[in-house]
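Visitor: Here it is: the structure, laid out below.
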Amino acid sequence: MIDNQLYKNIYVAESFWDRLKGLMFISEQKAFSLLIKDCNSVHTCFMNFPITIICLNKEMKVIKIIKNIKPFKFIFPLKNVKHIIEIPEKIS
């Protein structure tokens, strides 16, 4: 189950830089949840903590949750995924 804190501190990555940077180089204490629209893959290079990802379809419905993705891992393009929410493992 995803903690309600997810919805209190969610940020939408709007710019190219926000999408590229994501949660890289951020300390776990300052981490937040990040919605990346039009995205179906994830990397955790240069992240300082594990994350959970929530995969959404084009209707914004959850179709898959992948937990405890450690730093420097890759999740290659996922079928039917249109958007991704990255959540620091500490609040998922």
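Letters A, B, ... mark the chains of the structure tokens in the order given; residue numbers begin at 1 per chain; ligand numbers begin at 1, in order shown.
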Find the residues near Val81 of chain A: any atom within 10 Å, counting only C-alpha atoms, skip ones fewer than 5 places away on the same chain, and give them as a list in words.

Guide: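 Returned residues: Asp38, Cys39, Asn40, Ser41, Ile54, Cys55, Leu56, Asn57, Lys58, Met60, Lys61, Val62, Ile63 and Lys64 of chain A.
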
Visitor: Just the selected residues (C-alpha atoms), exported as a short mmCIF file (atom, residue, chain, number, x, y, z; two decimals), in the first residue's frame, please.

Guide:
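For reference, part-v2.cif as written:
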data_model
loop_
_atom_site.label_atom_id
_atom_site.label_comp_id
_atom_site.auth_asym_id
_atom_site.auth_seq_id
_atom_site.Cartn_x
_atom_site.Cartn_y
_atom_site.Cartn_z
CA ASP A 38 5.06 10.61 -21.24
CA CYS A 39 7.66 8.30 -19.73
CA ASN A 40 7.83 4.50 -19.75
CA SER A 41 11.34 3.77 -18.47
CA ILE A 54 4.12 3.55 -10.01
CA CYS A 55 3.40 2.92 -13.67
CA LEU A 56 0.31 4.58 -15.10
CA ASN A 57 -1.50 4.05 -18.38
CA LYS A 58 -2.81 6.87 -20.59
CA MET A 60 -3.66 7.68 -15.35
CA LYS A 61 -4.65 4.32 -13.87
CA VAL A 62 -2.07 2.28 -11.99
CA ILE A 63 -1.04 -0.75 -14.01
CA LYS A 64 2.15 -1.78 -12.24
#

Visitor: Determine which residues of chain A DSSP labels as strand (DSSP E) from the backbone of this structure, then write them out as a PyMOL selection string.

Guide: chain A and resi 10-12+33-36+42-43+51-56+62-69+74-75+83-88

Visitor: Have a look at A:Phe72, A:Asn9, A:Phe16, A:Ile91 and name the one nearest to Cys45 of chain A; count only C-alpha atoms.

Guide: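 Among A:Phe72, A:Asn9, A:Phe16, A:Ile91, it is A:Phe72 that comes nearest to Cys45 of chain A.
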
Visitor: Would you compute the distance between atom CA of Leu23 of chain A and atom CA of His43 of chain A? Give it in Å to one decimal.

Guide: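 Between atom CA of Leu23 of chain A and atom CA of His43 of chain A the gap is 10.1 Å.
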
Visitor: Env of Ile69 of chain A: 9 Å cut, atoms = only C-alpha atoms, seq-sep filter 6 positions within chain, self excluded. Answer as a list in words.

Guide: Thr44, Phe49, Pro50, Ile51, Thr52, Ile53, Ile75 and Glu89 of chain A

Visitor: Can you list, as a list in words, every residue of chain A that DSSP puts in alpha helix (DSSP H)?

Guide: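 These are the residues in question: Gln5, Leu6, Tyr7, Lys8, Phe16, Trp17, Asp18, Arg19, Leu20 and Lys21 of chain A.
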
Visitor: Just want the 10 Å neighbourhood of Glu14 of chain A, counted on only C-alpha atoms, with same-chain residues fewer than 2 positions away dropped. Output as a list in words.

Guide: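 Here the qualifying residues turn out to be Tyr11, Val12, Phe16, Trp17, Asp18, Arg19, Leu35, Ile36 and Lys37 of chain A.
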
Visitor: Nearest residue to Ile85 of chain A out of A:Met47, A:Leu20, A:Val42, A:Leu34, using only C-alpha atoms?

Guide: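 Between A:Met47, A:Leu20, A:Val42, A:Leu34, the residue approaching Ile85 of chain A most closely is A:Leu34.
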
Visitor: Restricting the calculation to only C-alpha atoms: of A:Phe25, A:Ala31, A:Asn80, A:Lys90, which residue gets closest to Lys67 of chain A?

Guide: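 Answer, going by the shortest atom-to-atom distance: A:Lys90.
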